[in-house]
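A short write-up of the structure that comes next.
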Amino acid sequence: MVCFVYDDGGREAAGYKGRAGDCVTRAVAIAAELPYGEVYDALAEGNATQRASKRERRSKSHTGVKTARSGIFTKRKWFKDYMGGLGFNWTPTMQIGSGCQVHLREDELPAEGRLVLSLSRHLAAYIDGVLRDTCDGSRDGTRCVHGYWRQ
């Protein structure tokens with residue numbers, strides 16, 4: 001089990017209201033200790049300027065739309081460059097066909113440091129052994145960690 005602390009990353013204080021699929025913005029703002037609005041604007045700009053991939057369905061795509069409210073394509077080069085620019089390095093914890101090796105548990109993640117965890121369809125901040133998010137997504141220590149960005 002991990003210790004969980006509710007943290008919206010400064011979303012409400014920045015004037016954003018309601019629920020949104022902004023876990024990437026929240027996780028990066030928390031882990032990098034940056035204002036929510038600054039991270040939101042940078043990610044929205046990345047979404048607006050990325051080109052459509054062959055696999056994207058035009059009706060579901062956020063490509064060309066300046067928003068970070070409904071998700072970010074974290075596998076894109078611009079996102080990896082953005083995270084690198086903030087001083088984060090990527091550590092994969094799962095390979096194709098390997099199955100889940102690392103779970104969202106204290107004994108399977110680094111005890112110290114500022115991390116942005118990549119989970120199934122979600123990103124969350126994990127700082128010095130504490131999960132900081134708007135909900136406890138650990139699934140009682142069974143949730144798989146696909147990899148993490150570490151600062």
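Chain labels A, B, ... are given in the sequence in which chains occur in the structure tokens; within each chain residues are numbered consecutively from 1, and ligands are likewise numbered from 1 in the order shown.
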Exercise for the section: Enumerate, as a ChimeraX atom specification, the complete set of residues in chain A that a backbone-based DSSP assignment places in alpha helix (DSSP H). Expected result: /A:23-32,36-49,77-85
File of the preceding selection, N, CA and C atoms, as a CSV table (one decimal), in the first residue's frame:
```csv
chain,number,residue,atom,x,y,z
A,23,CYS,N,-5.2,14.6,-16.0
A,23,CYS,CA,-4.3,14.0,-15.1
A,23,CYS,C,-2.8,14.3,-15.4
A,24,VAL,N,-2.5,14.4,-16.7
A,24,VAL,CA,-1.2,14.7,-17.1
A,24,VAL,C,-0.7,16.1,-16.6
A,25,THR,N,-1.6,17.1,-16.8
A,25,THR,CA,-1.3,18.4,-16.3
A,25,THR,C,-1.1,18.4,-14.8
A,26,ARG,N,-2.0,17.8,-14.1
A,26,ARG,CA,-1.9,17.8,-12.7
A,26,ARG,C,-0.7,17.1,-12.2
A,27,ALA,N,-0.4,15.9,-12.7
A,27,ALA,CA,0.8,15.1,-12.3
A,27,ALA,C,2.1,15.9,-12.6
A,28,VAL,N,2.2,16.5,-13.7
A,28,VAL,CA,3.4,17.3,-14.0
A,28,VAL,C,3.6,18.5,-13.2
A,29,ALA,N,2.4,19.2,-13.0
A,29,ALA,CA,2.5,20.4,-12.1
A,29,ALA,C,2.9,20.1,-10.7
A,30,ILE,N,2.4,19.0,-10.2
A,30,ILE,CA,2.7,18.6,-8.8
A,30,ILE,C,4.2,18.1,-8.7
A,31,ALA,N,4.6,17.3,-9.6
A,31,ALA,CA,6.0,16.7,-9.5
A,31,ALA,C,7.0,17.7,-9.8
A,32,ALA,N,6.8,18.6,-10.8
A,32,ALA,CA,7.8,19.7,-11.2
A,32,ALA,C,7.7,20.9,-10.3
A,36,TYR,N,-0.1,25.2,-12.1
A,36,TYR,CA,-1.0,24.5,-13.0
A,36,TYR,C,-1.2,25.1,-14.3
A,37,GLY,N,-1.5,26.4,-14.3
A,37,GLY,CA,-1.8,27.2,-15.5
A,37,GLY,C,-0.6,27.2,-16.5
A,38,GLU,N,0.6,27.3,-16.0
A,38,GLU,CA,1.8,27.2,-16.8
A,38,GLU,C,1.9,25.9,-17.5
A,39,VAL,N,1.7,24.8,-16.8
A,39,VAL,CA,1.8,23.5,-17.4
A,39,VAL,C,0.7,23.2,-18.3
A,40,TYR,N,-0.5,23.6,-18.0
A,40,TYR,CA,-1.7,23.5,-18.9
A,40,TYR,C,-1.4,24.2,-20.2
A,41,ASP,N,-0.9,25.4,-20.2
A,41,ASP,CA,-0.7,26.2,-21.4
A,41,ASP,C,0.4,25.5,-22.3
A,42,ALA,N,1.4,25.0,-21.7
A,42,ALA,CA,2.5,24.3,-22.4
A,42,ALA,C,1.9,23.0,-23.1
A,43,LEU,N,1.2,22.3,-22.3
A,43,LEU,CA,0.6,21.0,-22.9
A,43,LEU,C,-0.4,21.3,-23.9
A,44,ALA,N,-1.3,22.3,-23.7
A,44,ALA,CA,-2.3,22.7,-24.7
A,44,ALA,C,-1.6,23.1,-26.0
A,45,GLU,N,-0.5,23.9,-25.9
A,45,GLU,CA,0.2,24.3,-27.1
A,45,GLU,C,0.8,23.1,-27.8
A,46,GLY,N,1.3,22.1,-27.1
A,46,GLY,CA,1.8,20.9,-27.7
A,46,GLY,C,0.7,20.1,-28.5
A,47,ASN,N,-0.5,20.0,-27.8
A,47,ASN,CA,-1.6,19.4,-28.5
A,47,ASN,C,-2.0,20.1,-29.8
A,48,ALA,N,-2.0,21.5,-29.7
A,48,ALA,CA,-2.4,22.3,-30.8
A,48,ALA,C,-1.5,22.2,-32.0
A,49,THR,N,-0.2,22.0,-31.8
A,49,THR,CA,0.7,22.0,-32.9
A,49,THR,C,1.2,20.6,-33.4
A,77,LYS,N,6.8,12.8,-29.3
A,77,LYS,CA,8.1,13.4,-29.2
A,77,LYS,C,8.1,14.7,-28.4
A,78,TRP,N,7.1,15.6,-28.8
A,78,TRP,CA,7.1,16.9,-28.1
A,78,TRP,C,6.8,16.8,-26.6
A,79,PHE,N,6.1,15.8,-26.2
A,79,PHE,CA,5.8,15.6,-24.8
A,79,PHE,C,7.1,15.1,-24.1
A,80,LYS,N,7.8,14.2,-24.7
A,80,LYS,CA,9.1,13.7,-24.2
A,80,LYS,C,10.1,14.8,-24.1
A,81,ASP,N,10.1,15.6,-25.1
A,81,ASP,CA,11.1,16.8,-25.1
A,81,ASP,C,10.7,17.8,-24.0
A,82,TYR,N,9.4,18.0,-23.8
A,82,TYR,CA,8.9,18.9,-22.7
A,82,TYR,C,9.4,18.3,-21.3
A,83,MET,N,9.1,17.0,-21.1
A,83,MET,CA,9.5,16.4,-19.8
A,83,MET,C,11.0,16.5,-19.6
A,84,GLY,N,11.8,16.2,-20.7
A,84,GLY,CA,13.2,16.3,-20.6
A,84,GLY,C,13.7,17.7,-20.3
A,85,GLY,N,13.0,18.7,-20.8
A,85,GLY,CA,13.3,20.1,-20.6
A,85,GLY,C,13.1,20.5,-19.1
```
Practice task
Could you give me, as a count of residues only, each residue of chain A that DSSP assigns to strand (DSSP E or B) when run on this structure's backbone?
Solution key: 32
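When only C-alpha atoms are used to measure the gap to Glu106 (chain A), the shortest distance among A:Ser118, A:Ala68, A:Tyr6, A:Val145 belongs to A:Val145.
In terms of minimum interatomic distance to Arg11 (chain A), A:Arg69 ranks closest within A:Glu112, A:Gln50, A:Gly137, A:Arg69, counting only C-alpha atoms.
Here CA of Val130 (chain A) stands at a distance of 5.8 Å from CA of Phe4 (chain A).
Of the residues under consideration (A:Arg51, A:Glu33, A:Cys144, A:Ser138), A:Glu33 shows the shortest atom-to-atom contact distance to Leu115 (chain A) when counting only C-alpha atoms.
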Practice task
May I have the residues within 8 Å of region 99-105 of chain A as an MDAnalysis selection string, using only C-alpha atoms and disregarding those fewer than 3 positions away in the same chain?
Solution key: chainID A and resid 1:2 93:96 108:109 138 141:146
Practice task
Measuring atom to atom with only C-alpha atoms, identify which of A:Gly97, A:Thr91, A:Leu131, A:Tyr148 is nearest to Leu117 (chain A).
Solution key: A:Tyr148
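Relative to CA of Leu119 (chain A), CA of Ala13 (chain A) is found at 25.9 Å.
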Problem - Atom-to-atom span, CA of Gly21 (chain A) and CA of Pro110 (chain A), Å - result: 26.5 Å
